[in-house]
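Novice: final.cif is the file, holding mmCIF, N, CA and C atoms:
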```cif
data_work
#
loop_
_atom_site.label_atom_id
_atom_site.label_comp_id
_atom_site.auth_asym_id
_atom_site.auth_seq_id
_atom_site.Cartn_x
_atom_site.Cartn_y
_atom_site.Cartn_z
N MET B 918 0.82 -1.18 0.00
CA MET B 918 0.00 0.00 0.00
C MET B 918 0.87 1.25 0.00
N LYS B 919 1.90 1.22 -0.82
CA LYS B 919 2.85 2.32 -0.83
C LYS B 919 2.33 3.52 -1.61
N ASP B 920 1.94 3.32 -2.86
CA ASP B 920 1.46 4.41 -3.70
C ASP B 920 -0.06 4.39 -3.73
N GLN B 921 -0.67 4.80 -2.66
CA GLN B 921 -2.11 4.76 -2.55
C GLN B 921 -2.65 6.13 -2.17
N PRO B 922 -3.93 6.34 -2.43
CA PRO B 922 -4.52 7.62 -2.03
C PRO B 922 -4.53 7.78 -0.51
N LYS B 923 -4.53 9.03 -0.06
CA LYS B 923 -4.50 9.29 1.38
C LYS B 923 -5.75 8.79 2.08
N TRP B 924 -6.90 8.84 1.40
CA TRP B 924 -8.13 8.38 2.02
C TRP B 924 -8.09 6.88 2.28
N ALA B 925 -7.43 6.13 1.39
CA ALA B 925 -7.33 4.69 1.59
C ALA B 925 -6.44 4.37 2.79
N ARG B 926 -5.36 5.12 2.93
CA ARG B 926 -4.48 4.91 4.09
C ARG B 926 -5.22 5.28 5.37
N ALA B 927 -6.04 6.33 5.33
CA ALA B 927 -6.80 6.74 6.52
C ALA B 927 -7.83 5.68 6.90
N ILE B 928 -8.50 5.10 5.91
CA ILE B 928 -9.48 4.04 6.19
C ILE B 928 -8.76 2.83 6.77
N TYR B 929 -7.63 2.46 6.19
CA TYR B 929 -6.86 1.31 6.66
C TYR B 929 -6.38 1.53 8.10
N THR B 930 -5.82 2.70 8.38
CA THR B 930 -5.32 3.00 9.71
C THR B 930 -6.44 3.02 10.73
N THR B 931 -7.58 3.60 10.38
CA THR B 931 -8.73 3.61 11.27
C THR B 931 -9.19 2.19 11.58
N GLY B 932 -9.20 1.34 10.57
CA GLY B 932 -9.58 -0.06 10.77
C GLY B 932 -8.64 -0.80 11.69
N VAL B 933 -7.34 -0.59 11.51
CA VAL B 933 -6.36 -1.25 12.37
C VAL B 933 -6.51 -0.78 13.82
N ILE B 934 -6.68 0.53 14.00
CA ILE B 934 -6.86 1.08 15.35
C ILE B 934 -8.13 0.52 15.99
N ALA B 935 -9.20 0.42 15.22
CA ALA B 935 -10.45 -0.13 15.75
C ALA B 935 -10.28 -1.59 16.16
N MET B 936 -9.54 -2.36 15.37
CA MET B 936 -9.34 -3.77 15.71
C MET B 936 -8.50 -3.93 16.97
N VAL B 937 -7.53 -3.06 17.15
CA VAL B 937 -6.68 -3.15 18.34
C VAL B 937 -7.44 -2.69 19.58
N THR B 938 -8.16 -1.57 19.48
CA THR B 938 -8.89 -1.08 20.65
C THR B 938 -10.05 -1.99 21.02
N GLY B 939 -10.69 -2.60 20.06
CA GLY B 939 -11.77 -3.54 20.36
C GLY B 939 -11.29 -4.78 21.08
N ALA B 940 -10.02 -5.11 20.93
CA ALA B 940 -9.47 -6.31 21.57
C ALA B 940 -9.31 -6.15 23.07
N PHE B 941 -9.37 -4.93 23.59
CA PHE B 941 -9.27 -4.75 25.04
C PHE B 941 -10.45 -5.39 25.76
N ASP B 942 -11.60 -5.44 25.11
CA ASP B 942 -12.76 -6.14 25.62
C ASP B 942 -13.41 -6.88 24.44
N PRO B 943 -12.96 -8.10 24.17
CA PRO B 943 -13.40 -8.79 22.96
C PRO B 943 -14.90 -9.03 22.87
N LEU B 944 -15.58 -9.12 24.01
CA LEU B 944 -17.01 -9.34 23.96
C LEU B 944 -17.76 -8.05 23.61
N GLU B 945 -17.53 -7.01 24.38
CA GLU B 945 -18.20 -5.73 24.12
C GLU B 945 -17.61 -5.03 22.89
N GLY B 946 -16.35 -5.28 22.60
CA GLY B 946 -15.70 -4.65 21.45
C GLY B 946 -15.85 -5.42 20.16
N SER B 947 -16.67 -6.46 20.17
CA SER B 947 -16.81 -7.27 18.96
C SER B 947 -17.34 -6.47 17.78
N VAL B 948 -18.23 -5.54 18.05
CA VAL B 948 -18.78 -4.71 16.97
C VAL B 948 -17.70 -3.76 16.44
N VAL B 949 -16.86 -3.25 17.33
CA VAL B 949 -15.77 -2.37 16.92
C VAL B 949 -14.75 -3.16 16.08
N ILE B 950 -14.44 -4.37 16.51
CA ILE B 950 -13.52 -5.22 15.76
C ILE B 950 -14.11 -5.57 14.39
N LEU B 951 -15.39 -5.85 14.35
CA LEU B 951 -16.06 -6.15 13.08
C LEU B 951 -16.00 -4.95 12.14
N ALA B 952 -16.28 -3.77 12.66
CA ALA B 952 -16.22 -2.56 11.83
C ALA B 952 -14.79 -2.29 11.36
N GLY B 953 -13.82 -2.47 12.24
CA GLY B 953 -12.42 -2.27 11.86
C GLY B 953 -11.98 -3.24 10.79
N SER B 954 -12.40 -4.48 10.92
CA SER B 954 -12.06 -5.48 9.91
C SER B 954 -12.70 -5.14 8.57
N ALA B 955 -13.93 -4.63 8.60
CA ALA B 955 -14.59 -4.22 7.37
C ALA B 955 -13.86 -3.06 6.70
N LEU B 956 -13.39 -2.11 7.50
CA LEU B 956 -12.65 -0.97 6.94
C LEU B 956 -11.33 -1.42 6.31
N VAL B 957 -10.63 -2.33 6.98
CA VAL B 957 -9.36 -2.83 6.44
C VAL B 957 -9.62 -3.59 5.14
N ALA B 958 -10.63 -4.45 5.14
CA ALA B 958 -10.94 -5.23 3.93
C ALA B 958 -11.35 -4.31 2.78
N LEU B 959 -12.15 -3.30 3.09
CA LEU B 959 -12.59 -2.35 2.06
C LEU B 959 -11.43 -1.56 1.49
N SER B 960 -10.57 -1.04 2.35
CA SER B 960 -9.46 -0.21 1.85
C SER B 960 -8.48 -1.03 1.02
N THR B 961 -8.19 -2.25 1.46
CA THR B 961 -7.25 -3.07 0.69
C THR B 961 -7.86 -3.53 -0.64
N TYR B 962 -9.18 -3.74 -0.65
CA TYR B 962 -9.84 -4.11 -1.90
C TYR B 962 -9.83 -2.95 -2.90
N LEU B 963 -10.11 -1.75 -2.41
CA LEU B 963 -10.20 -0.59 -3.30
C LEU B 963 -8.86 -0.21 -3.92
N VAL B 964 -7.76 -0.43 -3.21
CA VAL B 964 -6.44 -0.10 -3.76
C VAL B 964 -5.77 -1.30 -4.41
N LYS B 965 -6.51 -2.40 -4.50
CA LYS B 965 -6.01 -3.63 -5.14
C LYS B 965 -4.72 -4.13 -4.47
N ASP B 966 -4.73 -4.14 -3.14
CA ASP B 966 -3.60 -4.65 -2.38
C ASP B 966 -3.50 -6.16 -2.57
N ARG B 967 -2.30 -6.69 -2.48
CA ARG B 967 -2.11 -8.12 -2.72
C ARG B 967 -2.69 -8.98 -1.61
N ASN B 968 -2.97 -8.42 -0.45
CA ASN B 968 -3.52 -9.17 0.67
C ASN B 968 -5.03 -8.97 0.84
N TRP B 969 -5.70 -8.40 -0.12
CA TRP B 969 -7.11 -8.08 0.07
C TRP B 969 -7.97 -9.32 0.26
N LYS B 970 -7.62 -10.43 -0.36
CA LYS B 970 -8.40 -11.66 -0.19
C LYS B 970 -8.27 -12.21 1.23
N ILE B 971 -7.10 -12.09 1.80
CA ILE B 971 -6.90 -12.53 3.18
C ILE B 971 -7.74 -11.67 4.13
N PHE B 972 -7.70 -10.36 3.93
CA PHE B 972 -8.47 -9.46 4.79
C PHE B 972 -9.97 -9.66 4.60
N MET B 973 -10.42 -9.94 3.39
CA MET B 973 -11.84 -10.18 3.15
C MET B 973 -12.29 -11.48 3.80
N THR B 974 -11.45 -12.50 3.70
CA THR B 974 -11.77 -13.78 4.32
C THR B 974 -11.83 -13.65 5.84
N SER B 975 -10.88 -12.93 6.41
CA SER B 975 -10.91 -12.77 7.86
C SER B 975 -12.09 -11.91 8.30
N PHE B 976 -12.49 -10.93 7.48
CA PHE B 976 -13.70 -10.15 7.78
C PHE B 976 -14.92 -11.06 7.82
N ILE B 977 -15.03 -11.95 6.86
CA ILE B 977 -16.18 -12.88 6.83
C ILE B 977 -16.15 -13.79 8.04
N LEU B 978 -14.96 -14.28 8.41
CA LEU B 978 -14.85 -15.11 9.60
C LEU B 978 -15.27 -14.35 10.86
N ILE B 979 -14.80 -13.13 11.00
CA ILE B 979 -15.16 -12.32 12.16
C ILE B 979 -16.67 -12.07 12.17
N MET B 980 -17.24 -11.78 11.02
CA MET B 980 -18.68 -11.52 10.95
C MET B 980 -19.47 -12.76 11.37
N LEU B 981 -19.08 -13.93 10.88
CA LEU B 981 -19.77 -15.16 11.26
C LEU B 981 -19.63 -15.44 12.76
N GLY B 982 -18.43 -15.24 13.29
CA GLY B 982 -18.20 -15.47 14.71
C GLY B 982 -18.95 -14.50 15.60
N VAL B 983 -19.02 -13.24 15.21
CA VAL B 983 -19.76 -12.24 16.00
C VAL B 983 -21.25 -12.55 15.94
N CYS B 984 -21.75 -12.96 14.79
CA CYS B 984 -23.16 -13.37 14.71
C CYS B 984 -23.42 -14.57 15.63
N GLY B 985 -22.50 -15.52 15.65
CA GLY B 985 -22.62 -16.65 16.57
C GLY B 985 -22.57 -16.21 18.03
N LEU B 986 -21.72 -15.26 18.32
CA LEU B 986 -21.63 -14.70 19.67
C LEU B 986 -22.95 -14.07 20.10
N PHE B 987 -23.56 -13.29 19.21
CA PHE B 987 -24.84 -12.67 19.53
C PHE B 987 -25.94 -13.72 19.67
N TYR B 988 -25.88 -14.76 18.85
CA TYR B 988 -26.89 -15.81 18.94
C TYR B 988 -26.79 -16.54 20.28
N ILE B 989 -25.59 -16.89 20.67
CA ILE B 989 -25.40 -17.56 21.96
C ILE B 989 -25.86 -16.65 23.10
N SER B 990 -25.57 -15.38 22.98
CA SER B 990 -26.01 -14.42 23.99
C SER B 990 -27.53 -14.35 24.05
N SER B 991 -28.20 -14.43 22.90
CA SER B 991 -29.66 -14.39 22.89
C SER B 991 -30.27 -15.65 23.51
N LEU B 992 -29.52 -16.74 23.51
CA LEU B 992 -30.00 -17.97 24.15
C LEU B 992 -29.77 -17.97 25.66
N GLY B 993 -29.10 -16.96 26.15
CA GLY B 993 -28.83 -16.88 27.58
C GLY B 993 -27.40 -17.20 27.94
N GLY B 994 -26.57 -17.34 26.95
CA GLY B 994 -25.15 -17.60 27.20
C GLY B 994 -24.85 -19.08 27.37
N ILE B 995 -23.64 -19.33 27.82
CA ILE B 995 -23.18 -20.69 28.05
C ILE B 995 -22.67 -20.75 29.47
N GLY B 996 -22.99 -21.82 30.15
CA GLY B 996 -22.44 -21.94 31.50
C GLY B 996 -23.40 -22.52 32.49
N ARG B 997 -23.20 -22.13 33.70
CA ARG B 997 -23.88 -22.77 34.84
C ARG B 997 -25.40 -22.65 34.80
N SER B 998 -25.91 -21.44 34.71
CA SER B 998 -27.36 -21.26 34.79
C SER B 998 -28.06 -21.43 33.44
N SER B 999 -27.29 -21.58 32.38
CA SER B 999 -27.86 -21.71 31.04
C SER B 999 -28.11 -23.17 30.70
N THR B 1000 -29.09 -23.40 29.88
CA THR B 1000 -29.36 -24.76 29.41
C THR B 1000 -28.58 -25.08 28.13
N THR B 1001 -27.85 -24.11 27.63
CA THR B 1001 -27.09 -24.29 26.39
C THR B 1001 -25.82 -25.09 26.67
N SER B 1002 -25.56 -26.07 25.82
CA SER B 1002 -24.37 -26.91 25.96
C SER B 1002 -23.10 -26.11 25.65
N TRP B 1003 -22.01 -26.54 26.23
CA TRP B 1003 -20.72 -25.91 25.97
C TRP B 1003 -20.30 -26.07 24.50
N TRP B 1004 -20.84 -27.03 23.80
CA TRP B 1004 -20.48 -27.24 22.40
C TRP B 1004 -20.93 -26.10 21.49
N TRP B 1005 -21.86 -25.29 21.96
CA TRP B 1005 -22.33 -24.16 21.17
C TRP B 1005 -21.24 -23.12 20.98
N ILE B 1006 -20.21 -23.18 21.79
CA ILE B 1006 -19.12 -22.21 21.67
C ILE B 1006 -18.38 -22.35 20.34
N ILE B 1007 -18.55 -23.49 19.70
CA ILE B 1007 -17.89 -23.73 18.40
C ILE B 1007 -18.33 -22.70 17.35
N ILE B 1008 -19.57 -22.22 17.42
CA ILE B 1008 -20.02 -21.27 16.40
C ILE B 1008 -19.39 -19.89 16.59
N MET B 1009 -18.69 -19.68 17.71
CA MET B 1009 -17.97 -18.42 17.92
C MET B 1009 -16.52 -18.50 17.45
N PHE B 1010 -15.99 -19.67 17.18
CA PHE B 1010 -14.59 -19.84 16.82
C PHE B 1010 -14.12 -19.00 15.63
N PRO B 1011 -14.94 -18.78 14.61
CA PRO B 1011 -14.43 -17.96 13.49
C PRO B 1011 -14.02 -16.54 13.91
N TYR B 1012 -14.64 -16.00 14.96
CA TYR B 1012 -14.33 -14.64 15.41
C TYR B 1012 -12.87 -14.51 15.84
N PRO B 1013 -12.37 -15.28 16.80
CA PRO B 1013 -10.96 -15.11 17.16
C PRO B 1013 -10.00 -15.58 16.06
N ILE B 1014 -10.41 -16.57 15.28
CA ILE B 1014 -9.55 -17.03 14.19
C ILE B 1014 -9.34 -15.92 13.17
N GLY B 1015 -10.42 -15.23 12.78
CA GLY B 1015 -10.31 -14.11 11.84
C GLY B 1015 -9.48 -12.97 12.39
N TRP B 1016 -9.65 -12.69 13.69
CA TRP B 1016 -8.88 -11.61 14.31
C TRP B 1016 -7.40 -11.96 14.34
N ILE B 1017 -7.08 -13.19 14.68
CA ILE B 1017 -5.67 -13.62 14.72
C ILE B 1017 -5.05 -13.56 13.33
N ILE B 1018 -5.79 -13.97 12.31
CA ILE B 1018 -5.28 -13.89 10.93
C ILE B 1018 -4.94 -12.44 10.59
N ASN B 1019 -5.83 -11.52 10.92
CA ASN B 1019 -5.57 -10.10 10.65
C ASN B 1019 -4.32 -9.62 11.37
N VAL B 1020 -4.19 -9.96 12.64
CA VAL B 1020 -3.04 -9.50 13.42
C VAL B 1020 -1.74 -10.06 12.85
N VAL B 1021 -1.75 -11.33 12.45
CA VAL B 1021 -0.54 -11.94 11.87
C VAL B 1021 -0.16 -11.22 10.57
N VAL B 1022 -1.14 -10.90 9.75
CA VAL B 1022 -0.85 -10.19 8.50
C VAL B 1022 -0.36 -8.77 8.79
N PHE B 1023 -0.97 -8.10 9.79
CA PHE B 1023 -0.50 -6.75 10.17
C PHE B 1023 0.96 -6.79 10.60
N ILE B 1024 1.31 -7.75 11.43
CA ILE B 1024 2.69 -7.86 11.92
C ILE B 1024 3.63 -8.18 10.77
N GLY B 1025 3.23 -9.08 9.88
CA GLY B 1025 4.06 -9.41 8.73
C GLY B 1025 4.28 -8.23 7.81
N ARG B 1026 3.23 -7.45 7.59
CA ARG B 1026 3.36 -6.26 6.74
C ARG B 1026 4.26 -5.22 7.39
N ALA B 1027 4.12 -5.04 8.71
CA ALA B 1027 4.97 -4.07 9.42
C ALA B 1027 6.43 -4.50 9.39
N ALA B 1028 6.68 -5.80 9.57
CA ALA B 1028 8.06 -6.29 9.54
C ALA B 1028 8.67 -6.13 8.15
N LYS B 1029 7.87 -6.42 7.13
CA LYS B 1029 8.37 -6.27 5.76
C LYS B 1029 8.66 -4.80 5.44
N LYS B 1030 7.78 -3.91 5.90
CA LYS B 1030 7.99 -2.48 5.67
C LYS B 1030 9.23 -1.99 6.39
N ALA B 1031 9.44 -2.45 7.62
CA ALA B 1031 10.62 -2.05 8.39
C ALA B 1031 11.90 -2.57 7.72
N LYS B 1032 11.84 -3.77 7.18
CA LYS B 1032 13.00 -4.34 6.51
C LYS B 1032 13.33 -3.56 5.24
N ILE B 1033 12.31 -3.19 4.49
CA ILE B 1033 12.53 -2.42 3.26
C ILE B 1033 13.10 -1.04 3.59
N GLU B 1034 12.56 -0.38 4.62
CA GLU B 1034 13.03 0.93 4.99
C GLU B 1034 14.45 0.91 5.55
N SER B 1035 14.84 -0.19 6.21
CA SER B 1035 16.20 -0.27 6.73
C SER B 1035 17.23 -0.52 5.63
N GLN B 1036 16.78 -1.08 4.52
CA GLN B 1036 17.70 -1.32 3.40
C GLN B 1036 17.91 -0.07 2.56
N GLU B 1037 17.01 0.88 2.68
CA GLU B 1037 17.13 2.09 1.85
C GLU B 1037 18.04 3.11 2.45
#
```
Could I get this structure in the form of structure tokens?

Specialist:
Amino acid sequence: MKDQPKWARAIYTTGVIAMVTGAFDPLEGSVVILAGSALVALSTYLVKDRNWKIFMTSFILIMLGVCGLFYISSLGGIGRSSTTSWWWIIIMFPYPIGWIINVVVFIGRAAKKAKIESQE
């Protein structure tokens, strides 16, 4: 994302910040993380970044996991006083998997950028 419009960089940066700040409370911040992931996927798609498919896939995973999280919450949650089995937690797994994929790609991109800048 080197030669890109300033608005695309602003959308990307806002998305990354939203994903990081939402992680301080993954349950309540799930909507913030979802919005941040959407912004990152949108900005990388619009500038034809080489990682846009990875970001889009992780956005879809996060969206599915957050929907599962809300569904489990509507059933009364999981645990002691709930009648819902612990196996229902499986429908939330895409949420942290998508978030971890995004973070790994962010770190890889930052390391690659730092390496390129140190060689110049």

Novice: For each of B:Glu945, B:Met980, B:Val957, B:Ile995, take the minimum atom-to-atom distance to Thr930 in chain B, counting all atoms listed in the file, then give the residue where this is smallest.

Specialist: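 Comparing B:Glu945, B:Met980, B:Val957, B:Ile995 against Thr930 in chain B, the winner is B:Val957.
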
Novice: May I ask for the distance between atom N of Asp966 in chain B and atom C of Asn1019 in chain B, given in Å to one decimal place?

Specialist: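 Going from atom N of Asp966 in chain B over to atom C of Asn1019 in chain B, I get 15.5 Å.
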
Novice: Return as an MDAnalysis selection string the set of residues that the PyMOL selection byres ((chain B and resi 1008) around 6.5) yields on the displayed structure.

Specialist: chainID B and resid 981:982 985:986 1004:1007 1009:1012

Novice: Mind pulling up the distance from atom N of Ser991 in chain B to CA of Val948 in chain B?

Specialist: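 Those two atoms sit 14.8 Å apart.
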
Novice: Between CA of Ile1018 in chain B and CA of Ala955 in chain B, measure the distance and give it in Å to one decimal.

Specialist: 13.9 Å

Novice: Which residues come within 10 Å of Pro1013 in chain B, counting only C-alpha atoms, excluding same-chain residues fewer than 5 positions away, as a list in words?

Specialist: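 Those residues are Ala940, Pro943, Ser947, Ser975, Leu978, Ile979, Gly982, Val983, Ile1018 and Asn1019 of chain B.
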
Novice: Please list as a PyMOL selection string every residue within 12 Å of Val933 in chain B, counting only C-alpha atoms and excluding residues in the same chain fewer than 6 positions away.

Specialist: chain B and resi 926-927+939-940+949-958+960-961+972+1016+1019-1020+1022-1024

Novice: Can you write just those residues out, N, CA and C atoms, as an mmCIF file, in the coordinates of the input?

Specialist:
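Result saved to out_11.cif:
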```cif
data_model
loop_
_atom_site.group_PDB
_atom_site.id
_atom_site.type_symbol
_atom_site.label_atom_id
_atom_site.label_comp_id
_atom_site.auth_asym_id
_atom_site.auth_seq_id
_atom_site.Cartn_x
_atom_site.Cartn_y
_atom_site.Cartn_z
ATOM 1 N N ARG B 926 -5.360 5.120 2.930
ATOM 2 C CA ARG B 926 -4.480 4.910 4.090
ATOM 3 C C ARG B 926 -5.220 5.280 5.370
ATOM 4 N N ALA B 927 -6.040 6.330 5.330
ATOM 5 C CA ALA B 927 -6.800 6.740 6.520
ATOM 6 C C ALA B 927 -7.830 5.680 6.900
ATOM 7 N N GLY B 939 -10.690 -2.600 20.060
ATOM 8 C CA GLY B 939 -11.770 -3.540 20.360
ATOM 9 C C GLY B 939 -11.290 -4.780 21.080
ATOM 10 N N ALA B 940 -10.020 -5.110 20.930
ATOM 11 C CA ALA B 940 -9.470 -6.310 21.570
ATOM 12 C C ALA B 940 -9.310 -6.150 23.070
ATOM 13 N N VAL B 949 -16.860 -3.250 17.330
ATOM 14 C CA VAL B 949 -15.770 -2.370 16.920
ATOM 15 C C VAL B 949 -14.750 -3.160 16.080
ATOM 16 N N ILE B 950 -14.440 -4.370 16.510
ATOM 17 C CA ILE B 950 -13.520 -5.220 15.760
ATOM 18 C C ILE B 950 -14.110 -5.570 14.390
ATOM 19 N N LEU B 951 -15.390 -5.850 14.350
ATOM 20 C CA LEU B 951 -16.060 -6.150 13.080
ATOM 21 C C LEU B 951 -16.000 -4.950 12.140
ATOM 22 N N ALA B 952 -16.280 -3.770 12.660
ATOM 23 C CA ALA B 952 -16.220 -2.560 11.830
ATOM 24 C C ALA B 952 -14.790 -2.290 11.360
ATOM 25 N N GLY B 953 -13.820 -2.470 12.240
ATOM 26 C CA GLY B 953 -12.420 -2.270 11.860
ATOM 27 C C GLY B 953 -11.980 -3.240 10.790
ATOM 28 N N SER B 954 -12.400 -4.480 10.920
ATOM 29 C CA SER B 954 -12.060 -5.480 9.910
ATOM 30 C C SER B 954 -12.700 -5.140 8.570
ATOM 31 N N ALA B 955 -13.930 -4.630 8.600
ATOM 32 C CA ALA B 955 -14.590 -4.220 7.370
ATOM 33 C C ALA B 955 -13.860 -3.060 6.700
ATOM 34 N N LEU B 956 -13.390 -2.110 7.500
ATOM 35 C CA LEU B 956 -12.650 -0.970 6.940
ATOM 36 C C LEU B 956 -11.330 -1.420 6.310
ATOM 37 N N VAL B 957 -10.630 -2.330 6.980
ATOM 38 C CA VAL B 957 -9.360 -2.830 6.440
ATOM 39 C C VAL B 957 -9.620 -3.590 5.140
ATOM 40 N N ALA B 958 -10.630 -4.450 5.140
ATOM 41 C CA ALA B 958 -10.940 -5.230 3.930
ATOM 42 C C ALA B 958 -11.350 -4.310 2.780
ATOM 43 N N SER B 960 -10.570 -1.040 2.350
ATOM 44 C CA SER B 960 -9.460 -0.210 1.850
ATOM 45 C C SER B 960 -8.480 -1.030 1.020
ATOM 46 N N THR B 961 -8.190 -2.250 1.460
ATOM 47 C CA THR B 961 -7.250 -3.070 0.690
ATOM 48 C C THR B 961 -7.860 -3.530 -0.640
ATOM 49 N N PHE B 972 -7.700 -10.360 3.930
ATOM 50 C CA PHE B 972 -8.470 -9.460 4.790
ATOM 51 C C PHE B 972 -9.970 -9.660 4.600
ATOM 52 N N TRP B 1016 -9.650 -12.690 13.690
ATOM 53 C CA TRP B 1016 -8.880 -11.610 14.310
ATOM 54 C C TRP B 1016 -7.400 -11.960 14.340
ATOM 55 N N ASN B 1019 -5.830 -11.520 10.920
ATOM 56 C CA ASN B 1019 -5.570 -10.100 10.650
ATOM 57 C C ASN B 1019 -4.320 -9.620 11.370
ATOM 58 N N VAL B 1020 -4.190 -9.960 12.640
ATOM 59 C CA VAL B 1020 -3.040 -9.500 13.420
ATOM 60 C C VAL B 1020 -1.740 -10.060 12.850
ATOM 61 N N VAL B 1022 -1.140 -10.900 9.750
ATOM 62 C CA VAL B 1022 -0.850 -10.190 8.500
ATOM 63 C C VAL B 1022 -0.360 -8.770 8.790
ATOM 64 N N PHE B 1023 -0.970 -8.100 9.790
ATOM 65 C CA PHE B 1023 -0.500 -6.750 10.170
ATOM 66 C C PHE B 1023 0.960 -6.790 10.600
ATOM 67 N N ILE B 1024 1.310 -7.750 11.430
ATOM 68 C CA ILE B 1024 2.690 -7.860 11.920
ATOM 69 C C ILE B 1024 3.630 -8.180 10.770
#
```

Novice: Of the candidates B:Met936, B:Ala925, B:Glu1037, B:Ser999, which shows the shortest atom-to-atom distance to Val964 in chain B, using only C-alpha atoms?

Specialist: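 The shortest atom-to-atom distance to Val964 in chain B comes from B:Ala925.
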
Novice: Could you check which of B:Leu944, B:Leu959, B:Ile1014, B:Ile989 is closest to Tyr929 in chain B, using all atoms listed in the file?

Specialist: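 Closest candidate: B:Leu959.
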
Novice: Closest to Thr974 in chain B among B:Pro922, B:Gly1015, B:Gly932, B:Gly993, using only C-alpha atoms?

Specialist: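 The closest residue to Thr974 in chain B is B:Gly1015.
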
Novice: Residues of chain B in alpha helix (DSSP H) according to DSSP, as an NGL selection string?

Specialist: :B and (923-939 or 947-963 or 969-991 or 1011-1036)
